[in-house]
Amino acid sequence: MKKWFLILALVTAVPTFAQLKTHTFEEAEKLAAATSKPYVIFIHTDWCKFCKMMENTTLKNKELITALNQNFYFISFDAENKKDIFFNGTVFKFKPKGNNSGVHELATALAEKNGNTIYPSIVILNSDYSIAAQLQSYINAKDLLQMLHKIR
């Protein structure tokens with residue numbers, strides 16, 4: 001009996017961490033057909049230090065995770081992904097720019113502003129695929145939460 005009580009105490013004492021539900025573009029689009037929600041797209045690259053900072057700080061915030069999981073479809077998108085993506089009735093492809101470099105057409109379509117694509121970028125799409133907001137560069141959890149509350 002004591003053994004079971006100890007096991008139960010240990011299991012319940014382990015803190016539970018909220019996990020951010022991430023989707024692919026295709027998954028989010030299928031889910032949105034049943035339950036319409038805006039999309040939050042985090043556009044990043046593997047080499048971007050500010051992208052890594054956002055992944056390790058902003059996107060680990062419990063309040064932000066709860067808001068994203070409940071009210072949005074969150075998509076984490078590597079701008080250098082080489083796979084074709086079918087989204088909003090269009091096939092988007094990776095466009096090579098040289099030896100082992102390039103950018104995905106979808107990253108450019110979503111995050112380009114004034115001819116530049118800056119990483120990281122957060123793009124918020126309404127359920128009709130119109131852009132509600134484009135946030136370029138690092139953003140902290142508090143500021144991102146404020147933006148999400150305005151859009152909701």
# chains A, B, ... in the order shown; residues from 1 in each chain; ligands from 1

$ residues_around --residues "range 62-76 of chain A" --least-positions-apart "6" --cutoff "7 Å" --atoms "only C-alpha atoms" --output "MDAnalysis selection string"
chainID A and resid 18:25 28 37:43 141 145

$ write_last_selection --atoms "all heavy atoms" --output "short mmCIF file (atom, residue, chain, number, x, y, z; two decimals), in the first residue's frame"
data_model
loop_
_atom_site.label_atom_id
_atom_site.label_comp_id
_atom_site.auth_asym_id
_atom_site.auth_seq_id
_atom_site.Cartn_x
_atom_site.Cartn_y
_atom_site.Cartn_z
N ALA A 18 2.51 22.79 -20.39
CA ALA A 18 1.64 22.96 -21.54
C ALA A 18 2.48 22.82 -22.79
O ALA A 18 3.59 23.35 -22.87
CB ALA A 18 0.98 24.33 -21.49
N GLN A 19 1.98 22.08 -23.75
CA GLN A 19 2.70 21.92 -25.01
C GLN A 19 1.95 22.63 -26.12
O GLN A 19 0.72 22.53 -26.20
CB GLN A 19 2.86 20.45 -25.34
CG GLN A 19 3.89 19.77 -24.49
CD GLN A 19 4.42 18.53 -25.17
OE1 GLN A 19 3.67 17.79 -25.78
NE2 GLN A 19 5.71 18.32 -25.07
N LEU A 20 2.70 23.30 -26.94
CA LEU A 20 2.13 24.01 -28.06
C LEU A 20 1.76 23.01 -29.15
O LEU A 20 2.60 22.22 -29.59
CB LEU A 20 3.15 25.02 -28.59
CG LEU A 20 2.72 25.94 -29.72
CD1 LEU A 20 1.47 26.73 -29.34
CD2 LEU A 20 3.86 26.88 -30.05
N LYS A 21 0.51 23.04 -29.56
CA LYS A 21 0.05 22.16 -30.65
C LYS A 21 0.48 22.81 -31.97
O LYS A 21 0.06 23.91 -32.28
CB LYS A 21 -1.47 22.03 -30.64
CG LYS A 21 -2.03 21.31 -29.45
CD LYS A 21 -3.55 21.27 -29.54
CE LYS A 21 -4.15 20.89 -28.21
NZ LYS A 21 -5.59 21.14 -28.18
N THR A 22 1.30 22.10 -32.70
CA THR A 22 1.72 22.61 -34.00
C THR A 22 1.10 21.76 -35.10
O THR A 22 0.86 20.58 -34.92
CB THR A 22 3.25 22.62 -34.15
OG1 THR A 22 3.72 21.29 -34.03
CG2 THR A 22 3.92 23.50 -33.12
N HIS A 23 0.84 22.41 -36.21
CA HIS A 23 0.20 21.75 -37.35
C HIS A 23 1.00 22.04 -38.61
O HIS A 23 1.72 23.02 -38.69
CB HIS A 23 -1.23 22.28 -37.54
CG HIS A 23 -2.08 22.17 -36.33
ND1 HIS A 23 -2.69 21.00 -35.94
CD2 HIS A 23 -2.44 23.08 -35.39
CE1 HIS A 23 -3.38 21.19 -34.83
NE2 HIS A 23 -3.24 22.44 -34.48
N THR A 24 0.80 21.21 -39.61
CA THR A 24 1.29 21.55 -40.94
C THR A 24 0.22 22.43 -41.58
O THR A 24 -0.91 22.54 -41.07
CB THR A 24 1.48 20.28 -41.81
OG1 THR A 24 0.20 19.67 -42.03
CG2 THR A 24 2.45 19.30 -41.15
N PHE A 25 0.55 23.03 -42.69
CA PHE A 25 -0.44 23.85 -43.40
C PHE A 25 -1.64 23.00 -43.79
O PHE A 25 -2.79 23.42 -43.64
CB PHE A 25 0.18 24.50 -44.64
CG PHE A 25 1.07 25.65 -44.31
CD1 PHE A 25 2.44 25.48 -44.17
CD2 PHE A 25 0.55 26.92 -44.14
CE1 PHE A 25 3.27 26.55 -43.86
CE2 PHE A 25 1.36 27.99 -43.83
CZ PHE A 25 2.73 27.81 -43.69
N ALA A 28 -3.82 22.07 -40.67
CA ALA A 28 -4.55 23.24 -40.18
C ALA A 28 -5.73 23.57 -41.10
O ALA A 28 -6.83 23.89 -40.64
CB ALA A 28 -3.63 24.44 -40.05
N LYS A 37 -10.79 28.97 -37.31
CA LYS A 37 -9.96 29.76 -36.40
C LYS A 37 -8.89 30.43 -37.26
O LYS A 37 -8.52 29.91 -38.31
CB LYS A 37 -9.23 28.87 -35.39
CG LYS A 37 -10.07 28.15 -34.39
CD LYS A 37 -9.13 27.38 -33.46
CE LYS A 37 -9.83 26.35 -32.64
NZ LYS A 37 -8.89 25.60 -31.78
N PRO A 38 -8.35 31.55 -36.78
CA PRO A 38 -7.22 32.15 -37.50
C PRO A 38 -5.98 31.26 -37.40
O PRO A 38 -5.88 30.41 -36.51
CB PRO A 38 -6.99 33.47 -36.77
CG PRO A 38 -8.20 33.70 -35.94
CD PRO A 38 -8.80 32.36 -35.67
N TYR A 39 -5.03 31.49 -38.31
CA TYR A 39 -3.77 30.77 -38.33
C TYR A 39 -2.67 31.69 -37.77
O TYR A 39 -2.62 32.87 -38.12
CB TYR A 39 -3.36 30.41 -39.76
CG TYR A 39 -4.34 29.58 -40.52
CD1 TYR A 39 -5.40 30.16 -41.23
CD2 TYR A 39 -4.21 28.19 -40.59
CE1 TYR A 39 -6.29 29.39 -41.95
CE2 TYR A 39 -5.09 27.41 -41.32
CZ TYR A 39 -6.14 28.03 -41.99
OH TYR A 39 -7.02 27.25 -42.71
N VAL A 40 -1.80 31.15 -36.96
CA VAL A 40 -0.59 31.86 -36.53
C VAL A 40 0.58 31.06 -37.09
O VAL A 40 0.75 29.89 -36.76
CB VAL A 40 -0.50 31.98 -35.00
CG1 VAL A 40 0.84 32.59 -34.59
CG2 VAL A 40 -1.65 32.81 -34.45
N ILE A 41 1.37 31.72 -37.94
CA ILE A 41 2.46 31.03 -38.62
C ILE A 41 3.78 31.64 -38.17
O ILE A 41 4.02 32.84 -38.33
CB ILE A 41 2.30 31.15 -40.15
CG1 ILE A 41 0.92 30.61 -40.56
CG2 ILE A 41 3.43 30.40 -40.86
CD1 ILE A 41 0.45 31.04 -41.92
N PHE A 42 4.62 30.80 -37.58
CA PHE A 42 5.95 31.20 -37.14
C PHE A 42 6.93 30.80 -38.23
O PHE A 42 7.16 29.61 -38.46
CB PHE A 42 6.28 30.50 -35.82
CG PHE A 42 7.68 30.71 -35.32
CD1 PHE A 42 8.19 31.98 -35.11
CD2 PHE A 42 8.49 29.62 -35.04
CE1 PHE A 42 9.48 32.16 -34.64
CE2 PHE A 42 9.78 29.78 -34.57
CZ PHE A 42 10.28 31.06 -34.37
N ILE A 43 7.48 31.78 -38.93
CA ILE A 43 8.38 31.53 -40.04
C ILE A 43 9.81 31.75 -39.55
O ILE A 43 10.14 32.83 -39.04
CB ILE A 43 8.06 32.44 -41.24
CG1 ILE A 43 6.60 32.21 -41.67
CG2 ILE A 43 9.02 32.19 -42.39
CD1 ILE A 43 6.09 33.19 -42.69
N ALA A 141 6.64 37.26 -25.51
CA ALA A 141 5.32 36.63 -25.27
C ALA A 141 4.26 37.67 -24.93
O ALA A 141 3.13 37.59 -25.42
CB ALA A 141 5.44 35.60 -24.16
N LEU A 145 0.98 38.14 -27.16
CA LEU A 145 -0.33 37.92 -26.55
C LEU A 145 -1.25 39.12 -26.77
O LEU A 145 -2.43 38.95 -27.09
CB LEU A 145 -0.19 37.66 -25.05
CG LEU A 145 -0.03 36.22 -24.64
CD1 LEU A 145 0.43 36.11 -23.19
CD2 LEU A 145 -1.31 35.44 -24.86
#

$ residues_around --residues "range 78-92 of chain A" --least-positions-apart "2" --cutoff "6 Å" --atoms "only C-alpha atoms" --output "ChimeraX atom specification"
/A:43-45,94,103-107

$ select_by_dssp --residues "chain A" --states "strand (DSSP E or B)" --output "number ranges by chain"
A: 22, 39-44, 73-78, 85-87, 90-92, 94-98, 101-104, 112-113, 116-117, 121-125, 131-136

$ select_by_dssp --residues "range 5-144 of chain A" --states "alpha helix (DSSP H)" --output "VMD selection string"
chain A and resid 5 to 13 25 to 34 49 to 56 62 to 71 105 to 111 141 to 144

$ closest_residue --among "A:Glu26, A:Asn99, A:Leu110, A:Gln146" --to "Ser130 in chain A" --atoms "only C-alpha atoms"
A:Leu110

$ atom_distance --atom1 "CA of Asn100 in chain A" --atom2 "CA of Thr58 in chain A"
29.5 Å

$ atom_distance --atom1 "CA of Glu55 in chain A" --atom2 "CA of Ser121 in chain A"
11.9 Å

$ atom_distance --atom1 "CA of Ala132 in chain A" --atom2 "CA of Thr108 in chain A"
16.4 Å
